[in-house]
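*Asks:* What follows is entry-v6.csv; its format and atoms are CSV, N, CA, C and O atoms.
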```csv
chain,number,residue,atom,x,y,z
A,1,MET,N,106.7,324.4,-56.6
A,1,MET,CA,108.0,323.9,-56.6
A,1,MET,C,108.3,323.2,-58.0
A,1,MET,O,109.4,323.4,-58.6
A,2,VAL,N,107.3,322.5,-58.5
A,2,VAL,CA,107.5,321.8,-59.8
A,2,VAL,C,107.8,322.8,-60.9
A,2,VAL,O,108.6,322.6,-61.7
A,3,ASP,N,107.0,323.9,-60.9
A,3,ASP,CA,107.2,324.9,-61.9
A,3,ASP,C,108.6,325.5,-61.8
A,3,ASP,O,109.3,325.7,-62.9
A,4,ALA,N,109.1,325.7,-60.6
A,4,ALA,CA,110.4,326.3,-60.5
A,4,ALA,C,111.5,325.3,-61.0
A,4,ALA,O,112.5,325.7,-61.6
A,5,VAL,N,111.3,324.0,-60.7
A,5,VAL,CA,112.3,323.0,-61.1
A,5,VAL,C,112.3,322.9,-62.6
A,5,VAL,O,113.3,322.9,-63.3
A,6,VAL,N,111.1,322.9,-63.2
A,6,VAL,CA,111.0,322.8,-64.7
A,6,VAL,C,111.6,324.0,-65.4
A,6,VAL,O,112.3,323.9,-66.4
A,7,LEU,N,111.4,325.2,-64.8
A,7,LEU,CA,112.0,326.4,-65.4
A,7,LEU,C,113.5,326.3,-65.3
A,7,LEU,O,114.3,326.8,-66.2
A,8,GLU,N,114.0,325.8,-64.1
A,8,GLU,CA,115.5,325.7,-64.0
A,8,GLU,C,116.0,324.7,-65.0
A,8,GLU,O,117.1,324.9,-65.6
A,9,LEU,N,115.4,323.6,-65.2
A,9,LEU,CA,115.8,322.6,-66.2
A,9,LEU,C,115.8,323.2,-67.6
A,9,LEU,O,116.6,323.0,-68.4
A,10,ALA,N,114.7,323.9,-67.9
A,10,ALA,CA,114.5,324.5,-69.2
A,10,ALA,C,115.5,325.6,-69.5
A,10,ALA,O,115.7,326.0,-70.7
A,11,SER,N,116.2,326.2,-68.5
A,11,SER,CA,117.1,327.3,-68.7
A,11,SER,C,118.3,326.9,-69.6
A,11,SER,O,118.9,327.7,-70.2
A,12,GLY,N,118.6,325.6,-69.5
A,12,GLY,CA,119.8,325.1,-70.3
A,12,GLY,C,121.1,325.6,-69.9
A,12,GLY,O,122.1,325.4,-70.6
A,13,ASN,N,121.2,326.1,-68.7
A,13,ASN,CA,122.5,326.5,-68.1
A,13,ASN,C,123.3,325.3,-67.7
A,13,ASN,O,123.0,324.7,-66.7
A,14,LEU,N,124.3,325.0,-68.4
A,14,LEU,CA,125.2,323.8,-68.1
A,14,LEU,C,126.1,324.2,-67.0
A,14,LEU,O,126.6,325.3,-66.9
A,15,CYS,N,126.4,323.3,-66.1
A,15,CYS,CA,127.3,323.5,-65.0
A,15,CYS,C,128.7,323.7,-65.5
A,15,CYS,O,129.2,322.9,-66.3
A,16,PRO,N,129.3,324.9,-65.1
A,16,PRO,CA,130.6,325.1,-65.6
A,16,PRO,C,131.7,324.2,-65.0
A,16,PRO,O,132.7,324.0,-65.6
A,17,ASN,N,131.4,323.7,-63.8
A,17,ASN,CA,132.4,322.9,-63.1
A,17,ASN,C,132.5,321.5,-63.8
A,17,ASN,O,133.6,321.0,-64.0
A,18,SER,N,131.3,320.9,-64.2
A,18,SER,CA,131.4,319.6,-64.8
A,18,SER,C,131.2,319.6,-66.3
A,18,SER,O,131.2,318.6,-67.0
A,19,LYS,N,131.1,320.9,-66.8
A,19,LYS,CA,130.9,321.1,-68.3
A,19,LYS,C,129.7,320.4,-68.8
A,19,LYS,O,129.7,319.9,-69.9
A,20,GLY,N,128.7,320.3,-67.9
A,20,GLY,CA,127.4,319.7,-68.3
A,20,GLY,C,127.4,318.2,-68.2
A,20,GLY,O,126.4,317.6,-68.6
A,21,ALA,N,128.4,317.6,-67.7
A,21,ALA,CA,128.5,316.1,-67.6
A,21,ALA,C,127.9,315.6,-66.3
A,21,ALA,O,127.5,314.5,-66.2
A,22,GLY,N,127.9,316.4,-65.2
A,22,GLY,CA,127.5,316.0,-63.9
A,22,GLY,C,128.5,315.3,-63.1
A,22,GLY,O,128.3,315.0,-62.0
A,23,LEU,N,129.6,315.0,-63.8
A,23,LEU,CA,130.7,314.3,-63.1
A,23,LEU,C,132.0,315.1,-63.3
A,23,LEU,O,132.3,315.7,-64.3
A,24,VAL,N,132.9,315.0,-62.3
A,24,VAL,CA,134.2,315.6,-62.3
A,24,VAL,C,135.2,314.5,-61.9
A,24,VAL,O,135.1,313.9,-60.8
A,25,SER,N,136.1,314.1,-62.8
A,25,SER,CA,137.0,313.0,-62.5
A,25,SER,C,136.3,311.7,-62.1
A,25,SER,O,136.6,311.0,-61.1
A,26,ASP,N,135.2,311.4,-62.8
A,26,ASP,CA,134.3,310.2,-62.5
A,26,ASP,C,133.7,310.2,-61.1
A,26,ASP,O,133.4,309.2,-60.6
A,27,LYS,N,133.6,311.4,-60.5
A,27,LYS,CA,132.9,311.5,-59.2
A,27,LYS,C,131.8,312.5,-59.4
A,27,LYS,O,131.8,313.4,-60.3
A,28,VAL,N,130.8,312.5,-58.4
A,28,VAL,CA,129.7,313.4,-58.4
A,28,VAL,C,130.3,314.8,-58.3
A,28,VAL,O,131.1,315.1,-57.5
A,29,CYS,N,129.8,315.7,-59.2
A,29,CYS,CA,130.2,317.1,-59.2
A,29,CYS,C,129.7,317.7,-57.9
A,29,CYS,O,128.5,317.7,-57.7
A,30,PRO,N,130.5,318.4,-57.2
A,30,PRO,CA,130.1,319.0,-55.9
A,30,PRO,C,129.2,320.2,-56.2
A,30,PRO,O,128.4,320.7,-55.3
A,31,GLU,N,129.3,320.8,-57.4
A,31,GLU,CA,128.6,322.0,-57.7
A,31,GLU,C,127.1,321.7,-58.1
A,31,GLU,O,126.2,322.3,-57.6
A,32,CYS,N,127.0,320.8,-59.1
A,32,CYS,CA,125.6,320.5,-59.6
A,32,CYS,C,125.0,319.2,-59.0
A,32,CYS,O,123.8,319.0,-59.3
A,33,ARG,N,125.8,318.5,-58.3
A,33,ARG,CA,125.3,317.2,-57.8
A,33,ARG,C,124.7,316.3,-58.8
A,33,ARG,O,123.6,315.8,-58.7
A,34,THR,N,125.4,316.1,-59.9
A,34,THR,CA,125.1,315.3,-61.1
A,34,THR,C,123.9,315.8,-61.9
A,34,THR,O,123.4,315.1,-62.8
A,35,THR,N,123.3,316.9,-61.7
A,35,THR,CA,122.2,317.4,-62.5
A,35,THR,C,122.7,318.0,-63.8
A,35,THR,O,121.9,318.1,-64.7
A,36,SER,N,124.0,318.3,-63.9
A,36,SER,CA,124.6,318.8,-65.1
A,36,SER,C,124.2,320.3,-65.4
A,36,SER,O,124.7,320.9,-66.4
A,37,ILE,N,123.4,320.9,-64.6
A,37,ILE,CA,123.0,322.3,-64.9
A,37,ILE,C,123.6,323.2,-63.8
A,37,ILE,O,123.9,322.7,-62.7
A,38,GLU,N,123.8,324.4,-64.2
A,38,GLU,CA,124.4,325.4,-63.3
A,38,GLU,C,123.6,325.6,-62.1
A,38,GLU,O,122.4,325.8,-62.1
A,39,PRO,N,124.2,325.5,-60.9
A,39,PRO,CA,123.5,325.6,-59.7
A,39,PRO,C,122.9,327.1,-59.5
A,39,PRO,O,123.6,328.0,-59.9
A,40,ILE,N,121.8,327.1,-59.0
A,40,ILE,CA,121.1,328.4,-58.8
A,40,ILE,C,121.1,328.6,-57.3
A,40,ILE,O,120.9,327.7,-56.5
A,41,THR,N,121.2,329.9,-56.8
A,41,THR,CA,121.2,330.1,-55.4
A,41,THR,C,119.9,329.8,-54.8
A,41,THR,O,118.9,329.8,-55.4
A,42,ASP,N,120.0,329.5,-53.5
A,42,ASP,CA,118.8,329.1,-52.7
A,42,ASP,C,117.8,330.3,-52.8
A,42,ASP,O,116.6,330.1,-52.9
A,43,ARG,N,118.3,331.5,-52.7
A,43,ARG,CA,117.4,332.7,-52.7
A,43,ARG,C,116.7,332.8,-54.0
A,43,ARG,O,115.5,333.0,-54.0
A,44,ARG,N,117.4,332.5,-55.2
A,44,ARG,CA,116.7,332.6,-56.5
A,44,ARG,C,115.7,331.5,-56.6
A,44,ARG,O,114.6,331.7,-57.1
A,45,ARG,N,116.0,330.3,-56.1
A,45,ARG,CA,115.0,329.2,-56.1
A,45,ARG,C,113.8,329.5,-55.3
A,45,ARG,O,112.7,329.2,-55.6
A,46,ALA,N,114.0,330.1,-54.1
A,46,ALA,CA,112.9,330.4,-53.2
A,46,ALA,C,112.0,331.4,-53.9
A,46,ALA,O,110.8,331.3,-53.8
A,47,LEU,N,112.6,332.4,-54.5
A,47,LEU,CA,111.8,333.4,-55.2
A,47,LEU,C,111.0,332.8,-56.3
A,47,LEU,O,109.9,333.2,-56.6
A,48,ALA,N,111.6,331.9,-57.0
A,48,ALA,CA,110.9,331.2,-58.2
A,48,ALA,C,109.7,330.4,-57.6
A,48,ALA,O,108.8,330.2,-58.4
A,49,MET,N,109.8,329.9,-56.4
A,49,MET,CA,108.7,329.2,-55.8
A,49,MET,C,107.7,330.1,-55.1
A,49,MET,O,106.7,329.6,-54.6
A,50,GLY,N,108.0,331.4,-55.1
A,50,GLY,CA,107.1,332.3,-54.5
A,50,GLY,C,107.2,332.5,-53.0
A,50,GLY,O,106.3,332.9,-52.3
A,51,THR,N,108.4,332.1,-52.5
A,51,THR,CA,108.7,332.3,-51.0
A,51,THR,C,110.0,333.0,-50.9
A,51,THR,O,110.8,332.9,-51.8
A,52,ASP,N,110.1,333.8,-49.9
A,52,ASP,CA,111.4,334.5,-49.7
A,52,ASP,C,112.0,334.2,-48.3
A,52,ASP,O,112.9,334.8,-47.9
A,53,SER,N,111.4,333.2,-47.6
A,53,SER,CA,111.8,332.9,-46.3
A,53,SER,C,113.0,332.0,-46.3
A,53,SER,O,112.9,330.8,-46.8
A,54,SER,N,114.2,332.5,-45.9
A,54,SER,CA,115.4,331.6,-45.9
A,54,SER,C,115.3,330.6,-44.8
A,54,SER,O,116.0,329.5,-44.8
A,55,ALA,N,114.4,330.8,-43.8
A,55,ALA,CA,114.2,329.8,-42.8
A,55,ALA,C,113.6,328.5,-43.3
A,55,ALA,O,113.8,327.4,-42.8
A,56,ASP,N,112.8,328.6,-44.4
A,56,ASP,CA,112.2,327.4,-45.0
A,56,ASP,C,113.2,326.6,-45.9
A,56,ASP,O,112.8,325.5,-46.3
A,57,THR,N,114.3,327.1,-46.1
A,57,THR,CA,115.3,326.5,-47.0
A,57,THR,C,115.6,325.1,-46.6
A,57,THR,O,115.7,324.1,-47.4
A,58,ARG,N,115.7,324.8,-45.3
A,58,ARG,CA,116.0,323.5,-44.7
A,58,ARG,C,115.0,322.5,-45.2
A,58,ARG,O,115.3,321.3,-45.4
A,59,ARG,N,113.7,323.0,-45.2
A,59,ARG,CA,112.6,322.1,-45.6
A,59,ARG,C,112.5,321.8,-47.0
A,59,ARG,O,112.4,320.6,-47.4
A,60,TRP,N,112.6,322.8,-47.9
A,60,TRP,CA,112.4,322.5,-49.3
A,60,TRP,C,113.6,322.2,-50.1
A,60,TRP,O,113.5,321.6,-51.2
A,61,LYS,N,114.8,322.6,-49.7
A,61,LYS,CA,116.0,322.3,-50.5
A,61,LYS,C,116.2,320.9,-50.8
A,61,LYS,O,116.5,320.6,-52.0
A,62,PRO,N,116.2,319.9,-49.9
A,62,PRO,CA,116.4,318.5,-50.2
A,62,PRO,C,115.4,318.0,-51.2
A,62,PRO,O,115.7,317.3,-52.2
A,63,VAL,N,114.1,318.4,-51.0
A,63,VAL,CA,113.1,317.9,-52.0
A,63,VAL,C,113.3,318.6,-53.3
A,63,VAL,O,113.1,317.9,-54.4
A,64,TYR,N,113.6,319.8,-53.4
A,64,TYR,CA,113.8,320.5,-54.6
A,64,TYR,C,115.0,319.9,-55.4
A,64,TYR,O,114.8,319.6,-56.6
A,65,GLU,N,116.1,319.6,-54.7
A,65,GLU,CA,117.2,319.0,-55.4
A,65,GLU,C,116.9,317.6,-55.9
A,65,GLU,O,117.4,317.2,-56.9
A,66,TRP,N,116.2,316.9,-55.1
A,66,TRP,CA,115.8,315.5,-55.5
A,66,TRP,C,114.9,315.6,-56.7
A,66,TRP,O,115.1,314.8,-57.7
A,67,LEU,N,113.9,316.4,-56.7
A,67,LEU,CA,113.0,316.6,-57.9
A,67,LEU,C,113.8,317.0,-59.1
A,67,LEU,O,113.6,316.5,-60.2
A,68,LEU,N,114.7,318.0,-58.9
A,68,LEU,CA,115.6,318.4,-60.0
A,68,LEU,C,116.3,317.3,-60.7
A,68,LEU,O,116.4,317.1,-61.9
A,69,ALA,N,117.0,316.5,-59.8
A,69,ALA,CA,117.7,315.3,-60.3
A,69,ALA,C,116.8,314.3,-61.0
A,69,ALA,O,117.2,313.7,-62.1
A,70,GLU,N,115.7,314.0,-60.4
A,70,GLU,CA,114.8,313.0,-61.0
A,70,GLU,C,114.2,313.4,-62.4
A,70,GLU,O,114.2,312.7,-63.3
A,71,LEU,N,113.8,314.7,-62.4
A,71,LEU,CA,113.3,315.2,-63.7
A,71,LEU,C,114.4,315.3,-64.8
A,71,LEU,O,114.2,315.1,-66.0
A,72,HIS,N,115.6,315.7,-64.3
A,72,HIS,CA,116.7,315.7,-65.3
A,72,HIS,C,117.0,314.3,-65.8
A,72,HIS,O,117.2,314.1,-67.0
A,73,GLN,N,117.0,313.3,-65.0
A,73,GLN,CA,117.3,312.0,-65.4
A,73,GLN,C,116.2,311.5,-66.3
A,73,GLN,O,116.4,310.8,-67.3
A,74,ALA,N,114.9,311.8,-66.0
A,74,ALA,CA,113.8,311.3,-66.8
A,74,ALA,C,113.9,312.0,-68.2
A,74,ALA,O,113.6,311.4,-69.2
A,75,GLY,N,114.3,313.3,-68.2
A,75,GLY,CA,114.5,313.9,-69.5
A,75,GLY,C,115.6,313.3,-70.3
A,75,GLY,O,115.5,313.2,-71.6
A,76,GLU,N,116.7,312.9,-69.7
A,76,GLU,CA,117.8,312.3,-70.4
A,76,GLU,C,117.3,310.9,-71.0
A,76,GLU,O,117.7,310.6,-72.1
A,77,VAL,N,116.6,310.2,-70.2
A,77,VAL,CA,116.1,308.9,-70.7
A,77,VAL,C,115.1,309.1,-71.9
A,77,VAL,O,115.2,308.4,-72.9
A,78,ALA,N,114.3,310.1,-71.8
A,78,ALA,CA,113.3,310.4,-72.9
A,78,ALA,C,114.1,310.8,-74.1
A,78,ALA,O,113.7,310.4,-75.2
A,79,MET,N,115.1,311.6,-73.9
A,79,MET,CA,115.9,312.1,-75.1
A,79,MET,C,116.6,311.0,-75.8
A,79,MET,O,116.6,310.9,-77.0
A,80,ARG,N,117.1,310.0,-75.0
A,80,ARG,CA,117.8,308.9,-75.7
A,80,ARG,C,116.8,308.0,-76.4
A,80,ARG,O,117.0,307.6,-77.5
A,81,ARG,N,115.6,307.8,-75.8
A,81,ARG,CA,114.6,306.9,-76.5
A,81,ARG,C,114.1,307.6,-77.7
A,81,ARG,O,113.8,307.0,-78.7
A,82,PHE,N,113.8,308.9,-77.6
A,82,PHE,CA,113.4,309.7,-78.8
A,82,PHE,C,114.4,309.6,-79.9
A,82,PHE,O,114.1,309.4,-81.1
A,83,SER,N,115.7,309.8,-79.6
A,83,SER,CA,116.7,309.8,-80.6
A,83,SER,C,116.8,308.4,-81.2
A,83,SER,O,116.9,308.3,-82.4
A,84,ARG,N,116.7,307.3,-80.4
A,84,ARG,CA,116.7,306.0,-81.0
A,84,ARG,C,115.5,305.8,-81.9
A,84,ARG,O,115.6,305.2,-83.0
A,85,ALA,N,114.3,306.3,-81.5
A,85,ALA,CA,113.1,306.1,-82.3
A,85,ALA,C,113.3,306.8,-83.7
A,85,ALA,O,112.9,306.3,-84.7
A,86,LEU,N,113.9,308.0,-83.6
A,86,LEU,CA,114.1,308.8,-84.9
A,86,LEU,C,115.1,308.1,-85.8
A,86,LEU,O,115.0,308.3,-87.0
A,87,SER,N,116.1,307.4,-85.2
A,87,SER,CA,117.1,306.8,-86.0
A,87,SER,C,116.7,305.5,-86.5
A,87,SER,O,117.5,304.8,-87.3
A,88,ASN,N,115.6,305.0,-86.1
A,88,ASN,CA,115.1,303.6,-86.5
A,88,ASN,C,116.1,302.5,-86.1
A,88,ASN,O,116.2,301.6,-86.8
A,89,ALA,N,116.8,302.7,-85.1
A,89,ALA,CA,117.8,301.8,-84.6
A,89,ALA,C,117.2,300.4,-84.4
A,89,ALA,O,117.9,299.4,-84.6
A,90,ASP,N,116.0,300.3,-83.9
A,90,ASP,CA,115.4,299.0,-83.6
A,90,ASP,C,114.5,298.5,-84.8
A,90,ASP,O,113.8,297.5,-84.7
A,91,TRP,N,114.5,299.2,-85.9
A,91,TRP,CA,113.6,298.9,-87.0
A,91,TRP,C,114.2,297.9,-87.9
A,91,TRP,O,115.3,297.9,-88.3
A,92,ALA,N,113.5,296.8,-88.1
A,92,ALA,CA,113.9,295.8,-89.0
A,92,ALA,C,112.9,295.7,-90.2
A,92,ALA,O,111.7,295.8,-89.9
A,93,GLU,N,113.4,295.6,-91.4
A,93,GLU,CA,112.5,295.6,-92.5
A,93,GLU,C,111.6,294.4,-92.5
A,93,GLU,O,112.0,293.3,-92.3
A,94,GLN,N,110.3,294.6,-92.6
A,94,GLN,CA,109.3,293.6,-92.6
A,94,GLN,C,109.0,293.2,-94.0
A,94,GLN,O,108.9,294.0,-94.9
A,95,PRO,N,108.9,291.8,-94.3
A,95,PRO,CA,108.5,291.4,-95.6
A,95,PRO,C,107.2,291.9,-96.0
A,95,PRO,O,106.3,292.0,-95.2
A,96,ARG,N,107.0,292.3,-97.3
A,96,ARG,CA,105.8,292.9,-97.7
A,96,ARG,C,105.0,291.8,-98.4
A,96,ARG,O,105.5,290.9,-99.1
A,97,ALA,N,103.7,291.9,-98.2
A,97,ALA,CA,102.8,290.9,-98.9
A,97,ALA,C,102.7,291.2,-100.4
A,97,ALA,O,102.7,292.4,-100.8
A,98,ALA,N,102.7,290.2,-101.2
A,98,ALA,CA,102.6,290.4,-102.6
A,98,ALA,C,101.3,290.7,-103.1
A,98,ALA,O,100.3,290.4,-102.6
```
Translate the structure of the given file into structure tokens.

*Replies:*
Amino acid sequence: MVDAVVLELASGNLCPNSKGAGLVSDKVCPECRTTSIEPITDRRRALAMGTDSSADTRRWKPVYEWLLAELHQAGEVAMRRFSRALSNADWAEQPRAA
């Protein structure tokens, strides 16, 4: 499941409904559920996980979507921290010893 979620995140397909923002009119996007990425069908997700049983969808779908949202959020946080580190936003010049 983790591999399938990571592949979905890495695909870079932005949600056309929220235009990659995860929100529509300041509300949770019903299509992507704030993940900002284009929703993939349950069948495609099941195949990515190596299962084709639609009967199992009830079991794995909530966990899959939770993991997708958590990893997406963690990636966003990491991206902001990395960007801040590259911009030296928190860097203050230190006095040099003579």

*Asks:* Would you mind listing what lies within 7 Å of Gly22 of chain A as an mmCIF file with N, CA, C and O atoms, in the coordinates of the input, with all atoms listed in the file counted and same-chain residues fewer than 6 positions away left out?

*Replies:*
```
data_model
loop_
_atom_site.group_PDB
_atom_site.id
_atom_site.type_symbol
_atom_site.label_atom_id
_atom_site.label_comp_id
_atom_site.auth_asym_id
_atom_site.auth_seq_id
_atom_site.Cartn_x
_atom_site.Cartn_y
_atom_site.Cartn_z
ATOM 1 N N CYS A 15 126.400 323.300 -66.100
ATOM 2 C CA CYS A 15 127.300 323.500 -65.000
ATOM 3 C C CYS A 15 128.700 323.700 -65.500
ATOM 4 O O CYS A 15 129.200 322.900 -66.300
ATOM 5 N N VAL A 28 130.800 312.500 -58.400
ATOM 6 C CA VAL A 28 129.700 313.400 -58.400
ATOM 7 C C VAL A 28 130.300 314.800 -58.300
ATOM 8 O O VAL A 28 131.100 315.100 -57.500
ATOM 9 N N CYS A 29 129.800 315.700 -59.200
ATOM 10 C CA CYS A 29 130.200 317.100 -59.200
ATOM 11 C C CYS A 29 129.700 317.700 -57.900
ATOM 12 O O CYS A 29 128.500 317.700 -57.700
ATOM 13 N N PRO A 30 130.500 318.400 -57.200
ATOM 14 C CA PRO A 30 130.100 319.000 -55.900
ATOM 15 C C PRO A 30 129.200 320.200 -56.200
ATOM 16 O O PRO A 30 128.400 320.700 -55.300
ATOM 17 N N CYS A 32 127.000 320.800 -59.100
ATOM 18 C CA CYS A 32 125.600 320.500 -59.600
ATOM 19 C C CYS A 32 125.000 319.200 -59.000
ATOM 20 O O CYS A 32 123.800 319.000 -59.300
ATOM 21 N N ARG A 33 125.800 318.500 -58.300
ATOM 22 C CA ARG A 33 125.300 317.200 -57.800
ATOM 23 C C ARG A 33 124.700 316.300 -58.800
ATOM 24 O O ARG A 33 123.600 315.800 -58.700
ATOM 25 N N THR A 34 125.400 316.100 -59.900
ATOM 26 C CA THR A 34 125.100 315.300 -61.100
ATOM 27 C C THR A 34 123.900 315.800 -61.900
ATOM 28 O O THR A 34 123.400 315.100 -62.800
ATOM 29 N N THR A 35 123.300 316.900 -61.700
ATOM 30 C CA THR A 35 122.200 317.400 -62.500
ATOM 31 C C THR A 35 122.700 318.000 -63.800
ATOM 32 O O THR A 35 121.900 318.100 -64.700
ATOM 33 N N SER A 36 124.000 318.300 -63.900
ATOM 34 C CA SER A 36 124.600 318.800 -65.100
ATOM 35 C C SER A 36 124.200 320.300 -65.400
ATOM 36 O O SER A 36 124.700 320.900 -66.400
ATOM 37 N N ILE A 37 123.400 320.900 -64.600
ATOM 38 C CA ILE A 37 123.000 322.300 -64.900
ATOM 39 C C ILE A 37 123.600 323.200 -63.800
ATOM 40 O O ILE A 37 123.900 322.700 -62.700
#
```

*Asks:* What is the atom N of Pro16 of chain A to atom CA of Glu38 of chain A distance in Å?

*Replies:*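 Computing the Euclidean distance for atom N of Pro16 of chain A and atom CA of Glu38 of chain A yields 5.2 Å.
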
*Asks:* In Å, how far is it from atom C of Leu47 of chain A to atom N of Val5 of chain A?

*Replies:* 9.8 Å

*Asks:* DSSP on the backbone: which residues in chain A end up as alpha helix (DSSP H)? Give the answer as JSON, numbers by chain.

*Replies:* {"A": [2, 3, 4, 5, 6, 7, 8, 9, 10, 42, 43, 44, 45, 46, 47, 48, 57, 58, 59, 60, 61, 62, 63, 64, 65, 66, 67, 68, 69, 70, 71, 72, 73, 74, 75, 76, 77, 78, 79, 80, 81, 82, 83, 84, 85, 86, 87]}

*Asks:* Please, what distance in Å, to one decimal, runs between atom C of Asp56 of chain A and atom CA of Asp42 of chain A?

*Replies:*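 Distance between the two atoms: 9.2 Å.
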